[in-house]
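Below is data-v9.cif, which holds mmCIF, C-alpha atoms.
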data_final
loop_
_atom_site.label_atom_id
_atom_site.label_comp_id
_atom_site.auth_asym_id
_atom_site.auth_seq_id
_atom_site.Cartn_x
_atom_site.Cartn_y
_atom_site.Cartn_z
CA MET N 1 -28.85 2.23 2.48
CA SER N 2 -29.74 2.34 6.16
CA GLU N 3 -27.32 4.04 8.53
CA LYS N 4 -24.06 5.16 6.98
CA LEU N 5 -22.18 4.05 10.07
CA HIS N 6 -23.40 2.11 13.06
CA ILE N 7 -21.59 2.27 16.40
CA ALA N 8 -22.01 -1.16 17.97
CA GLN N 9 -23.27 -0.88 21.55
CA ASN N 10 -22.35 -4.46 22.40
CA LEU N 11 -21.54 -7.70 20.61
CA GLU N 12 -25.18 -8.71 20.21
CA ASP N 13 -26.01 -5.34 18.70
CA ALA N 14 -23.05 -5.71 16.33
CA LEU N 15 -24.13 -9.20 15.25
CA LEU N 16 -27.70 -8.00 14.68
CA PHE N 17 -26.56 -5.11 12.47
CA ARG N 18 -24.20 -7.47 10.65
CA LYS N 19 -27.05 -9.89 9.97
CA GLU N 20 -29.41 -7.23 8.70
CA ASN N 21 -26.94 -5.26 6.61
CA ASP N 22 -24.37 -6.04 3.98
CA CYS N 23 -21.69 -4.00 5.73
CA ILE N 24 -18.00 -3.33 6.29
CA VAL N 25 -16.78 -4.29 9.76
CA MET N 26 -14.36 -1.67 11.07
CA ALA N 27 -12.15 -2.21 14.12
CA GLY N 28 -8.99 -0.09 14.49
CA SER N 29 -9.74 1.62 11.16
CA SER N 30 -6.04 2.07 10.37
CA ASP N 31 -6.36 0.40 6.95
CA LEU N 32 -10.00 1.02 6.05
CA MET N 33 -9.80 4.79 6.60
CA VAL N 34 -6.71 5.01 4.42
CA SER N 35 -8.32 3.10 1.57
CA ALA N 36 -11.49 5.22 1.87
CA TYR N 37 -9.56 8.51 1.83
CA GLN N 38 -10.76 10.91 -0.87
CA GLY N 39 -8.44 13.88 -0.40
CA TYR N 40 -8.11 16.91 1.86
CA GLY N 41 -11.42 18.01 3.30
CA ALA N 42 -13.44 15.26 1.63
CA LEU N 43 -15.36 12.60 3.51
CA PRO N 44 -14.00 9.06 3.33
CA LYS N 45 -15.92 6.95 0.82
CA PHE N 46 -17.40 3.58 1.73
CA ASP N 47 -19.58 1.68 -0.70
CA LYS N 48 -21.41 -0.13 2.11
CA PRO N 49 -22.59 0.84 5.60
CA VAL N 50 -19.86 0.65 8.21
CA LEU N 51 -20.20 -1.33 11.43
CA LEU N 52 -17.81 0.13 14.00
CA ILE N 53 -16.72 -2.33 16.69
CA ARG N 54 -13.46 -0.75 17.91
CA ASN N 55 -14.68 0.00 21.43
CA LEU N 56 -16.46 -3.28 22.19
CA GLU N 57 -15.08 -4.37 25.55
CA GLU N 58 -16.09 -7.99 24.84
CA LEU N 59 -13.59 -8.11 21.99
CA ILE N 60 -10.62 -6.51 23.75
CA GLY N 61 -7.95 -8.26 25.80
CA VAL N 62 -5.50 -11.14 26.05
CA ARG N 63 -6.34 -13.98 28.40
CA ARG N 64 -5.07 -17.44 29.22
CA ASN N 65 -7.79 -20.07 29.12
CA SER N 66 -8.02 -22.89 31.64
CA ASP N 67 -6.74 -25.36 28.99
CA GLY N 68 -3.52 -23.32 28.66
CA THR N 69 -4.38 -21.75 25.31
CA VAL N 70 -4.17 -17.99 24.90
CA GLU N 71 -7.15 -16.11 23.50
CA ILE N 72 -6.81 -12.64 22.04
CA GLY N 73 -9.91 -10.55 21.37
CA ALA N 74 -10.33 -9.32 17.80
CA CYS N 75 -10.22 -5.64 18.78
CA THR N 76 -7.09 -5.95 20.92
CA THR N 77 -4.52 -3.43 19.72
CA SER N 78 -0.91 -4.21 18.93
CA ARG N 79 0.20 -2.31 22.04
CA GLN N 80 -2.10 -4.35 24.25
CA ILE N 81 -0.76 -7.54 22.66
CA VAL N 82 2.83 -6.46 23.31
CA GLU N 83 2.11 -5.49 26.91
CA SER N 84 0.30 -8.68 27.91
CA PRO N 85 2.38 -11.23 29.83
CA ASP N 86 0.30 -13.99 28.22
CA THR N 87 1.20 -13.13 24.62
CA PRO N 88 3.59 -15.65 23.00
CA TRP N 89 7.04 -14.18 22.43
CA VAL N 90 7.05 -14.53 18.66
CA LEU N 91 3.71 -12.71 18.33
CA LYS N 92 5.02 -9.92 20.56
CA GLN N 93 7.92 -9.46 18.15
CA ALA N 94 5.53 -8.99 15.24
CA ALA N 95 3.01 -6.78 17.06
CA GLY N 96 5.81 -4.61 18.46
CA ARG N 97 7.18 -3.89 14.98
CA MET N 98 3.86 -2.99 13.38
CA GLY N 99 3.89 0.60 12.14
CA ALA N 100 4.96 2.97 14.91
CA VAL N 101 3.80 3.96 18.41
CA ALA N 102 0.52 5.68 17.47
CA LEU N 103 -0.48 3.08 14.90
CA ARG N 104 0.03 0.30 17.43
CA ASN N 105 -2.57 2.05 19.62
CA SER N 106 -5.17 1.73 16.84
CA ALA N 107 -4.37 -1.35 14.76
CA THR N 108 -6.08 -4.55 15.90
CA ILE N 109 -5.25 -8.22 15.46
CA GLY N 110 -8.72 -8.93 14.04
CA GLY N 111 -8.23 -6.27 11.40
CA ASN N 112 -4.76 -7.53 10.55
CA ILE N 113 -6.15 -11.03 9.97
CA ALA N 114 -9.21 -9.81 8.05
CA ASN N 115 -7.01 -7.79 5.70
CA ALA N 116 -5.42 -11.05 4.56
CA SER N 117 -2.46 -9.14 3.25
CA PRO N 118 0.60 -11.27 2.48
CA LYS N 119 2.64 -8.54 4.18
CA GLY N 120 0.58 -8.42 7.39
CA ASP N 121 2.68 -8.58 10.55
CA THR N 122 0.69 -10.92 12.78
CA PRO N 123 -0.29 -13.76 10.39
CA GLY N 124 3.29 -15.13 10.30
CA PRO N 125 3.45 -15.90 14.02
CA LEU N 126 -0.20 -16.98 14.01
CA TYR N 127 0.50 -19.57 11.26
CA LEU N 128 3.60 -20.69 13.17
CA LEU N 129 1.58 -21.17 16.36
CA ASP N 130 -1.34 -23.02 14.66
CA ALA N 131 -3.71 -20.23 15.69
CA VAL N 132 -7.45 -20.67 15.29
CA VAL N 133 -9.74 -17.80 14.28
CA ASN N 134 -13.06 -17.68 16.16
CA VAL N 135 -16.04 -16.13 14.42
CA MET N 136 -19.59 -15.61 15.60
CA SER N 137 -22.98 -14.87 14.11
CA LEU N 138 -26.30 -13.97 15.71
CA ASP N 139 -28.18 -16.63 17.69
CA GLY N 140 -25.04 -18.28 18.97
CA GLY N 141 -23.57 -19.36 15.65
CA ARG N 142 -19.87 -20.01 16.21
CA ARG N 143 -17.06 -21.39 14.09
CA SER N 144 -13.38 -21.91 14.84
CA ILE N 145 -11.17 -22.09 11.77
CA PRO N 146 -7.40 -22.67 11.61
CA ILE N 147 -5.82 -19.48 10.28
CA ARG N 148 -4.24 -21.33 7.34
CA ASP N 149 -7.80 -22.18 6.18
CA PHE N 150 -9.39 -18.91 7.27
CA ILE N 151 -7.11 -16.90 4.98
CA ILE N 152 -8.16 -18.46 1.70
CA LYS N 153 -6.00 -16.42 -0.65
CA PHE N 154 -4.75 -12.87 -1.22
CA ARG N 155 -7.26 -10.48 0.42
CA THR N 156 -9.86 -13.24 0.81
CA ILE N 157 -11.07 -14.76 4.07
CA ASP N 158 -13.56 -17.42 5.08
CA LEU N 159 -16.02 -15.04 6.75
CA LYS N 160 -19.72 -15.15 5.98
CA ASN N 161 -21.78 -11.99 5.56
CA ASP N 162 -23.40 -12.35 8.97
CA GLU N 163 -20.22 -13.22 10.89
CA ILE N 164 -17.72 -11.20 12.89
CA ILE N 165 -14.23 -12.26 13.96
CA THR N 166 -14.39 -12.32 17.75
CA SER N 167 -11.01 -13.69 18.80
CA VAL N 168 -8.02 -15.80 17.92
CA THR N 169 -6.93 -18.79 20.01
CA ILE N 170 -3.28 -19.77 20.24
CA PRO N 171 -2.54 -23.32 21.39
CA VAL N 172 1.29 -23.16 21.43
CA SER N 173 3.05 -21.38 24.29
CA ASP N 174 6.66 -20.28 24.67
CA LYS N 175 7.61 -23.25 26.80
CA ASP N 176 6.35 -25.72 24.18
CA MET N 177 9.43 -24.95 22.06
CA THR N 178 13.13 -24.77 22.85
CA TYR N 179 14.24 -22.28 20.18
CA TRP N 180 12.49 -19.29 18.66
CA PHE N 181 13.41 -17.05 15.74
CA TYR N 182 11.87 -13.84 14.38
CA HIS N 183 13.37 -11.67 11.67
CA LYS N 184 11.53 -8.89 9.84
CA ILE N 185 13.22 -7.29 6.88
CA GLY N 186 11.91 -3.78 6.27
CA THR N 187 13.32 -0.60 4.84
CA ARG N 188 13.49 1.19 8.19
CA ALA N 189 13.00 0.60 11.91
CA ALA N 190 9.52 2.15 12.13
CA ASN N 191 6.56 2.32 9.76
CA ALA N 192 8.13 -0.50 7.77
CA ILE N 193 5.95 -2.74 5.67
CA SER N 194 7.54 -6.18 5.69
CA LYS N 195 9.72 -6.98 2.69
CA LEU N 196 10.12 -10.43 4.10
CA THR N 197 9.57 -11.91 7.53
CA LEU N 198 10.59 -15.31 8.78
CA CYS N 199 9.40 -16.88 12.03
CA ALA N 200 10.64 -20.26 13.14
CA CYS N 201 10.76 -22.47 16.20
CA ALA N 202 12.09 -25.86 17.20
CA LYS N 203 11.63 -28.20 20.10
CA VAL N 204 14.56 -30.35 21.07
CA SER N 205 14.24 -32.92 23.80
CA TRP N 206 16.47 -35.85 24.79
CA GLY N 207 18.76 -35.11 21.86
CA GLU N 208 16.00 -35.32 19.27
CA VAL N 209 14.15 -32.71 17.21
CA LYS N 210 10.57 -33.17 18.38
CA ASP N 211 9.05 -30.25 16.49
CA PHE N 212 10.26 -27.80 13.86
CA ARG N 213 8.32 -25.01 12.18
CA ILE N 214 8.96 -22.27 9.65
CA ALA N 215 6.53 -19.55 8.52
CA ALA N 216 7.41 -16.91 5.95
CA THR N 217 5.39 -13.81 5.08
CA ALA N 218 5.68 -11.52 2.06
CA SER N 219 7.02 -14.50 0.14
CA GLY N 220 3.82 -15.39 -1.71
CA PRO N 221 0.11 -14.50 -1.86
CA VAL N 222 -0.39 -15.86 1.67
CA THR N 223 1.89 -16.78 4.58
CA ASN N 224 3.83 -19.94 3.75
CA ARG N 225 4.21 -22.97 5.98
CA SER N 226 4.72 -26.59 4.98
CA ARG N 227 4.50 -29.56 7.32
CA ASP N 228 6.18 -31.68 4.63
CA VAL N 229 9.27 -29.48 4.82
CA GLU N 230 9.17 -29.37 8.60
CA ASN N 231 8.97 -33.18 8.70
CA ILE N 232 12.47 -33.34 7.19
CA ALA N 233 13.75 -32.00 10.51
CA ILE N 234 11.31 -33.63 12.90
CA GLY N 235 12.63 -36.90 14.28
CA LEU N 236 16.28 -36.11 13.51
CA LYS N 237 18.92 -36.52 16.16
CA PHE N 238 19.97 -33.07 17.37
CA ASP N 239 23.49 -33.45 15.94
CA GLU N 240 22.11 -34.48 12.54
CA LEU N 241 20.17 -31.22 12.08
CA ALA N 242 23.02 -29.01 10.85
CA ALA N 243 23.76 -31.39 7.97
CA LYS N 244 20.14 -31.12 6.80
CA ALA N 245 20.10 -27.31 6.70
CA SER N 246 20.48 -26.95 2.95
CA GLU N 247 17.97 -29.73 2.26
CA ILE N 248 15.39 -28.00 4.48
CA SER N 249 16.00 -24.54 3.01
CA GLY N 250 15.93 -26.03 -0.50
CA ALA N 251 12.61 -27.75 0.16
CA PHE N 252 11.14 -24.56 1.62
CA ASP N 253 12.27 -22.67 -1.46
CA LYS N 254 9.86 -24.82 -3.49
CA VAL N 255 7.00 -23.78 -1.18
CA ILE N 256 7.34 -20.02 -1.49
CA SER N 257 6.26 -18.07 -4.55
CA PRO N 258 7.48 -14.49 -4.30
CA ARG N 259 6.27 -12.23 -7.10
CA ALA N 260 8.36 -9.08 -6.76
CA MET N 261 12.13 -9.37 -6.29
CA PRO N 262 11.99 -13.19 -6.27
CA GLU N 263 15.78 -13.69 -6.30
CA PHE N 264 16.21 -11.52 -3.21
CA ARG N 265 13.30 -13.08 -1.36
CA ARG N 266 14.39 -16.64 -2.14
CA GLU N 267 18.01 -16.00 -1.20
CA ALA N 268 17.12 -14.14 2.01
CA THR N 269 14.63 -16.83 3.05
CA ARG N 270 17.19 -19.58 2.43
CA ARG N 271 19.85 -17.75 4.43
CA MET N 272 17.53 -17.02 7.35
CA ILE N 273 16.47 -20.69 7.58
CA GLU N 274 20.09 -21.87 7.49
CA PHE N 275 21.04 -19.20 10.03
CA PHE N 276 18.29 -20.42 12.37
CA ILE N 277 19.34 -24.05 12.01
CA ASP N 278 22.98 -23.09 12.60
CA LYS N 279 22.06 -21.24 15.82
CA VAL N 280 19.91 -24.13 16.99
CA SER N 281 22.67 -26.66 16.22
CA LYS N 282 25.17 -24.63 18.22
CA ASN N 283 22.64 -23.91 20.96
CA SER N 284 23.66 -20.24 20.58
CA TYR N 285 20.32 -18.60 21.30
CA LYS N 286 17.03 -19.72 22.76
CA LYS N 287 15.37 -16.70 21.20
CA PHE N 288 16.76 -14.81 18.24
CA TYR N 289 15.31 -11.63 16.77
CA ASN N 290 16.55 -8.73 14.68
CA MET C 291 -25.32 11.50 13.75
CA THR C 292 -24.78 13.09 17.15
CA ILE C 293 -21.37 12.29 18.57
CA GLU C 294 -20.60 13.06 22.20
CA PHE C 295 -17.18 12.89 23.73
CA SER C 296 -14.80 14.59 26.11
CA LEU C 297 -12.58 17.07 24.30
CA ASN C 298 -9.74 18.54 26.33
CA CYS C 299 -11.65 17.77 29.54
CA GLU C 300 -14.91 19.34 28.35
CA HIS C 301 -18.02 17.42 27.33
CA VAL C 302 -18.86 18.21 23.71
CA SER C 303 -21.64 17.15 21.39
CA ILE C 304 -21.69 17.57 17.65
CA ASP C 305 -24.00 16.59 14.82
CA VAL C 306 -21.70 15.39 12.11
CA ASP C 307 -21.17 12.76 9.42
CA PRO C 308 -19.96 9.76 11.47
CA THR C 309 -17.27 8.84 8.92
CA LYS C 310 -15.66 12.30 9.04
CA ARG C 311 -12.12 12.00 10.28
CA LEU C 312 -11.37 13.01 13.87
CA LEU C 313 -8.63 15.24 12.41
CA ASP C 314 -11.12 17.17 10.27
CA VAL C 315 -13.66 17.54 13.09
CA LEU C 316 -10.99 18.92 15.42
CA ARG C 317 -9.77 21.42 12.85
CA ASP C 318 -13.00 22.39 11.03
CA ASP C 319 -15.66 22.07 13.69
CA PHE C 320 -13.74 22.91 16.86
CA GLY C 321 -11.06 25.21 15.43
CA LEU C 322 -8.26 23.22 17.04
CA THR C 323 -5.68 23.82 14.35
CA GLY C 324 -2.72 22.59 16.38
CA VAL C 325 -3.45 19.17 14.92
CA LYS C 326 -1.95 19.04 11.41
CA GLU C 327 -2.61 16.94 8.33
CA GLY C 328 0.53 15.52 6.81
CA CYS C 329 0.48 12.12 5.13
CA SER C 330 -3.25 11.34 5.66
CA GLU C 331 -2.45 7.67 6.25
CA GLY C 332 -1.32 7.46 9.85
CA GLU C 333 2.40 7.40 9.22
CA CYS C 334 3.78 10.91 9.72
CA GLY C 335 2.41 11.67 13.20
CA ALA C 336 1.52 15.33 12.50
CA CYS C 337 -2.10 14.66 13.52
CA CYS C 338 -1.33 12.90 16.81
CA VAL C 339 -3.79 13.27 19.67
CA LEU C 340 -4.40 11.33 22.87
CA LEU C 341 -7.42 9.01 22.79
CA ASN C 342 -8.16 7.65 26.26
CA GLY C 343 -4.58 8.56 27.11
CA GLN C 344 -3.11 6.65 24.17
CA LEU C 345 -1.26 8.35 21.33
CA VAL C 346 -3.15 7.90 18.06
CA THR C 347 -3.12 9.45 14.61
CA SER C 348 -6.41 11.32 14.17
CA CYS C 349 -6.38 11.07 10.36
CA ILE C 350 -7.28 7.37 10.42
CA ILE C 351 -10.04 7.49 13.03
CA PRO C 352 -13.65 8.27 12.08
CA ILE C 353 -15.31 10.68 14.50
CA ALA C 354 -17.74 7.89 15.44
CA GLY C 355 -14.76 6.06 16.94
CA VAL C 356 -14.45 8.62 19.74
CA HIS C 357 -18.13 8.59 20.77
CA GLY C 358 -18.12 8.35 24.57
CA GLN C 359 -14.30 8.54 24.69
CA ASP C 360 -11.71 11.02 25.92
CA VAL C 361 -9.76 13.10 23.39
CA ARG C 362 -6.94 15.50 24.23
CA THR C 363 -5.04 17.65 21.79
CA ILE C 364 -1.92 19.79 21.83
CA GLU C 365 -4.13 22.69 23.01
CA TRP C 366 -4.63 20.78 26.29
CA VAL C 367 -1.15 19.33 26.55
CA ARG C 368 0.40 22.81 26.37
CA THR C 369 -1.48 23.78 29.54
CA THR C 370 0.02 20.95 31.60
CA ARG C 371 3.27 21.21 33.54
CA LEU C 372 4.83 18.39 31.51
CA GLY C 373 3.61 19.90 28.23
CA GLU C 374 4.97 23.32 29.15
CA THR C 375 8.33 21.81 30.05
CA ILE C 376 8.54 19.91 26.77
CA ILE C 377 7.63 22.98 24.70
CA GLN C 378 10.14 25.18 26.56
CA SER C 379 12.83 22.52 26.10
CA TYR C 380 12.09 22.36 22.36
CA ALA C 381 12.54 26.15 22.22
CA ASP C 382 15.71 26.16 24.30
CA GLY C 383 17.15 23.18 22.43
CA GLY C 384 16.59 24.67 18.99
CA ALA C 385 14.40 21.71 18.02
CA VAL C 386 12.02 23.68 15.82
CA GLN C 387 12.59 24.78 12.25
CA CYS C 388 9.48 25.02 10.05
CA GLY C 389 7.35 23.83 12.96
CA PHE C 390 4.77 21.81 11.06
CA CYS C 391 5.60 18.50 12.74
CA ILE C 392 6.09 20.02 16.19
CA PRO C 393 2.55 19.72 17.64
CA GLY C 394 2.53 16.00 16.78
CA MET C 395 6.11 15.66 17.97
CA VAL C 396 5.23 17.29 21.32
CA MET C 397 2.26 14.93 21.66
CA ALA C 398 4.54 11.94 21.10
CA SER C 399 7.05 13.41 23.57
CA TYR C 400 4.29 13.91 26.13
CA TYR C 401 3.08 10.32 25.66
CA LEU C 402 6.62 9.00 25.96
CA LEU C 403 7.52 10.96 29.10
CA SER C 404 4.16 10.21 30.72
CA ASN C 405 4.92 6.50 30.45
CA ASN C 406 8.69 6.62 30.81
CA PRO C 407 9.89 9.73 32.71
CA ASN C 408 13.55 8.83 32.38
CA PRO C 409 14.10 7.53 28.85
CA THR C 410 17.41 6.77 27.16
CA LYS C 411 18.11 8.53 23.87
CA LYS C 412 17.38 5.28 22.08
CA GLU C 413 14.00 5.07 23.80
CA ILE C 414 13.33 8.68 22.80
CA ARG C 415 14.09 7.85 19.17
CA LYS C 416 11.73 4.89 19.38
CA GLY C 417 9.09 7.07 21.05
CA ILE C 418 9.07 9.57 18.19
CA SER C 419 9.72 7.00 15.46
CA GLY C 420 6.22 7.54 14.10
CA ASN C 421 6.70 11.29 13.75
CA MET C 422 8.34 12.61 10.62
CA CYS C 423 10.37 15.81 10.56
CA ARG C 424 11.80 16.92 7.22
CA CYS C 425 13.84 19.84 8.61
CA THR C 426 15.86 19.03 11.68
CA GLY C 427 17.35 15.60 11.18
CA TYR C 428 15.88 14.73 14.59
CA ASP C 429 19.04 15.14 16.69
CA LEU C 430 18.00 18.45 18.25
CA ILE C 431 14.51 17.11 18.90
CA VAL C 432 15.95 14.06 20.68
CA GLU C 433 18.27 16.28 22.73
CA SER C 434 15.36 18.57 23.64
CA ILE C 435 13.19 15.69 24.83
CA TYR C 436 16.15 14.46 26.86
CA LEU C 437 16.45 17.95 28.33
CA ALA C 438 12.72 17.99 29.11
CA ALA C 439 13.04 14.67 30.95
CA LYS C 440 15.93 16.05 33.02
CA ARG C 441 13.94 19.19 33.85
CA VAL C 442 10.88 17.20 34.88
CA GLY C 443 13.12 15.02 37.05
CA GLU C 444 14.56 18.12 38.70
CA LEU C 445 11.07 19.48 39.32
CA HIS C 446 10.10 16.25 41.04
CA LYS C 447 13.30 16.31 43.12
CA ALA C 448 12.69 19.92 44.15
CA ARG C 449 9.19 18.98 45.28
CA GLY C 450 10.68 16.12 47.31
#
Just dump the structure as structure tokens.
Amino acid sequence: MSEKLHIAQNLEDALLFRKENDCIVMAGSSDLMVSAYQGYGALPKFDKPVLLIRNLEELIGVRRNSDGTVEIGACTTSRQIVESPDTPWVLKQAAGRMGAVALRNSATIGGNIANASPKGDTPGPLYLLDAVVNVMSLDGGRRSIPIRDFIIKFRTIDLKNDEIITSVTIPVSDKDMTYWFYHKIGTRAANAISKLTLCACAKVSWGEVKDFRIAATASGPVTNRSRDVENIAIGLKFDELAAKASEISGAFDKVISPRAMPEFRREATRRMIEFFIDKVSKNSYKKFYN
Amino acid sequence: MTIEFSLNCEHVSIDVDPTKRLLDVLRDDFGLTGVKEGCSEGECGACCVLLNGQLVTSCIIPIAGVHGQDVRTIEWVRTTRLGETIIQSYADGGAVQCGFCIPGMVMASYYLLSNNPNPTKKEIRKGISGNMCRCTGYDLIVESIYLAAKRVGELHKARG
């Protein structure tokens, strides 16, 4: 083994170390340090060298690109995501409920994606917003992968051994949709790991449903979204939507595959979808969150 | 690996395993025992410090993560006017029982009041939501932080 831990000086240095070493990429360290913990007084245990990128300025920040998309650097913390005026509303809801105050100053969006946990907070909104994960390797190698493809399955991502997640690009902005919904079910207000989270949005224009999206986390091995289900709503007249609520929730029920507490998760998901559709149909809220 | 950083406003340098937790370096190598180890997974807040002015849990940060950065602990916060006021308010408000969570709780209070000098009680509860106390039931802590905010406000008024 070469160095036990390498502090990246800049992105190029990080990519070089990544290319030359089979290593663990560490950003905010809030998950990796916990899994490496060996007990009081003992050093954390890593079975590969660690590449530390948490302080790389190139990977920190939220910015709006000239094409209107929003790009968030991989090492941007949850607090920075919440505080940015460019962050989409639904992602702010998720980032603002991650852990508690101190954790949100460490945890990064790149780490949350790389974990590929079905209970992660940010993947739900990122699936909903058709986010694209940008990765880079040395010598200018770049790939941009839709998040639904990047997270292959439980704890598995499409990242090669010489690549680093550099940012995530979000093409959908708040004004692209008319209605937004975010509801996280946890056991407490802070430090809650999601039992179930539902994000949804709808665009209604000239009395017609132009777009409709639902993403559910903690309801299967990965975040669930289905364009087939969403297409039931898309194209409907606005006043036809309420009558389709049970058909839509029933179709979404076939998409999710909760392992633990499946009855609860299925029932709660169904009720949240029907609640959202009810609120949209009555034009009660433009943005609803718990 | 040699790690250099600013610790409580002093430049320090230490040769240490780079994966060693910031918490352990502060306690073992610098004798700063105000920082406590509780849950060891970043959830209880007993090990809170300020990293570049941001509240973080030092049990989930490798020492390499603070290379070239600014770290401040309860030992520094207690020397500041705001820190003193918070600690005195905790004492006057009866916010302390066993005391184990208190250094972390004061750090969270300091971070809250630095960013929001006039918080509501709900904002106080949110501000310390990552700090666990198994003795008090939190009410007296919340009241004490509220008292500290009032006292700091009065200090500012008196100064004009």
For Gly355 (chain C): contacts at 8 Å, all atoms listed in the file, fewer than 2 positions along chain excluded, given as a PDB file with C-alpha atoms, keeping the file's coordinate frame:
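Result written to result00.pdb:
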ATOM      1  CA  ILE N   7     -21.590   2.270  16.400  1.00  0.00           C
ATOM      2  CA  LEU N  52     -17.810   0.130  14.000  1.00  0.00           C
ATOM      3  CA  ARG N  54     -13.460  -0.750  17.910  1.00  0.00           C
ATOM      4  CA  ASN N  55     -14.680   0.000  21.430  1.00  0.00           C
TER       5      ASN N  55
ATOM      6  CA  ILE C 351     -10.040   7.490  13.030  1.00  0.00           C
ATOM      7  CA  PRO C 352     -13.650   8.270  12.080  1.00  0.00           C
ATOM      8  CA  ILE C 353     -15.310  10.680  14.500  1.00  0.00           C
ATOM      9  CA  HIS C 357     -18.130   8.590  20.770  1.00  0.00           C
TER      10      HIS C 357
END
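Take the PyMOL selection byres ((chain C) within 8 of (chain N)) and apply it to this file: it picks Pro308, Thr309, Lys310, Arg311, Asp314, Ser330, Glu331, Gly332, Glu333, Gly335, Cys338, Gln344, Leu345, Val346, Thr347, Ile350, Ile351, Pro352, Ala354, Gly355, Gly417, Ile418, Ser419 and Gly420 of chain C.
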Selection in question (the file shown): the PyMOL selection byres ((chain N and resi 248) around 9). Which residues does it include, as a PDB file with C-alpha atoms, keeping the file's coordinate frame?
ATOM      1  CA  VAL N 229       9.270 -29.480   4.820  1.00  0.00           C
ATOM      2  CA  GLU N 230       9.170 -29.370   8.600  1.00  0.00           C
ATOM      3  CA  ILE N 232      12.470 -33.340   7.190  1.00  0.00           C
ATOM      4  CA  ALA N 233      13.750 -32.000  10.510  1.00  0.00           C
ATOM      5  CA  LYS N 244      20.140 -31.120   6.800  1.00  0.00           C
ATOM      6  CA  ALA N 245      20.100 -27.310   6.700  1.00  0.00           C
ATOM      7  CA  SER N 246      20.480 -26.950   2.950  1.00  0.00           C
ATOM      8  CA  GLU N 247      17.970 -29.730   2.260  1.00  0.00           C
ATOM      9  CA  SER N 249      16.000 -24.540   3.010  1.00  0.00           C
ATOM     10  CA  GLY N 250      15.930 -26.030  -0.500  1.00  0.00           C
ATOM     11  CA  ALA N 251      12.610 -27.750   0.160  1.00  0.00           C
ATOM     12  CA  PHE N 252      11.140 -24.560   1.620  1.00  0.00           C
ATOM     13  CA  ASP N 253      12.270 -22.670  -1.460  1.00  0.00           C
ATOM     14  CA  ARG N 270      17.190 -19.580   2.430  1.00  0.00           C
ATOM     15  CA  ILE N 273      16.470 -20.690   7.580  1.00  0.00           C
ATOM     16  CA  GLU N 274      20.090 -21.870   7.490  1.00  0.00           C
TER      17      GLU N 274
END
Check: Is there a way to get, as a ChimeraX atom specification, all residues within 10 Å of the point (-6.0, -17.3, 27.1) in file coordinates, counting all atoms listed in the file?
Finding: /N:61-73,86-87,168-171
Checklist line | Target residues per the PyMOL selection byres ((chain C and resi 371) around 12), formatted as a ChimeraX atom specification | finding: /C:366-370,372-378,400,403-404,438,441-442,445-446
Would you export the selected residues with C-alpha atoms as an mmCIF file, in the frame of the given file, please?
data_model
loop_
_atom_site.group_PDB
_atom_site.id
_atom_site.type_symbol
_atom_site.label_atom_id
_atom_site.label_comp_id
_atom_site.auth_asym_id
_atom_site.auth_seq_id
_atom_site.Cartn_x
_atom_site.Cartn_y
_atom_site.Cartn_z
ATOM 1 C CA TRP C 366 -4.630 20.780 26.290
ATOM 2 C CA VAL C 367 -1.150 19.330 26.550
ATOM 3 C CA ARG C 368 0.400 22.810 26.370
ATOM 4 C CA THR C 369 -1.480 23.780 29.540
ATOM 5 C CA THR C 370 0.020 20.950 31.600
ATOM 6 C CA LEU C 372 4.830 18.390 31.510
ATOM 7 C CA GLY C 373 3.610 19.900 28.230
ATOM 8 C CA GLU C 374 4.970 23.320 29.150
ATOM 9 C CA THR C 375 8.330 21.810 30.050
ATOM 10 C CA ILE C 376 8.540 19.910 26.770
ATOM 11 C CA ILE C 377 7.630 22.980 24.700
ATOM 12 C CA GLN C 378 10.140 25.180 26.560
ATOM 13 C CA TYR C 400 4.290 13.910 26.130
ATOM 14 C CA LEU C 403 7.520 10.960 29.100
ATOM 15 C CA SER C 404 4.160 10.210 30.720
ATOM 16 C CA ALA C 438 12.720 17.990 29.110
ATOM 17 C CA ARG C 441 13.940 19.190 33.850
ATOM 18 C CA VAL C 442 10.880 17.200 34.880
ATOM 19 C CA LEU C 445 11.070 19.480 39.320
ATOM 20 C CA HIS C 446 10.100 16.250 41.040
#
Next item on the list: Rank N:Asp149, N:Asp158, N:Asp239, N:Asp174 by their smallest atom-to-atom distance to Val90 (chain N), using all atoms listed in the file, and report the top residue only.
Entry: N:Asp174
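Between CA of Asn298 (chain C) and CA of Val315 (chain C) there is a distance of 13.8 Å.
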List the neighbours of Ile304 (chain C) out to 10 Å using only C-alpha atoms; skip same-chain residues closer than 2 positions along the sequence, and give me the result as a PDB file with C-alpha atoms, in the frame of the given file.
ATOM      1  CA  MET C 291     -25.320  11.500  13.750  1.00  0.00           C
ATOM      2  CA  THR C 292     -24.780  13.090  17.150  1.00  0.00           C
ATOM      3  CA  ILE C 293     -21.370  12.290  18.570  1.00  0.00           C
ATOM      4  CA  GLU C 294     -20.600  13.060  22.200  1.00  0.00           C
ATOM      5  CA  PHE C 295     -17.180  12.890  23.730  1.00  0.00           C
ATOM      6  CA  VAL C 302     -18.860  18.210  23.710  1.00  0.00           C
ATOM      7  CA  VAL C 306     -21.700  15.390  12.110  1.00  0.00           C
ATOM      8  CA  ASP C 307     -21.170  12.760   9.420  1.00  0.00           C
ATOM      9  CA  VAL C 315     -13.660  17.540  13.090  1.00  0.00           C
ATOM     10  CA  ASP C 319     -15.660  22.070  13.690  1.00  0.00           C
ATOM     11  CA  PHE C 320     -13.740  22.910  16.860  1.00  0.00           C
ATOM     12  CA  ILE C 353     -15.310  10.680  14.500  1.00  0.00           C
TER      13      ILE C 353
END
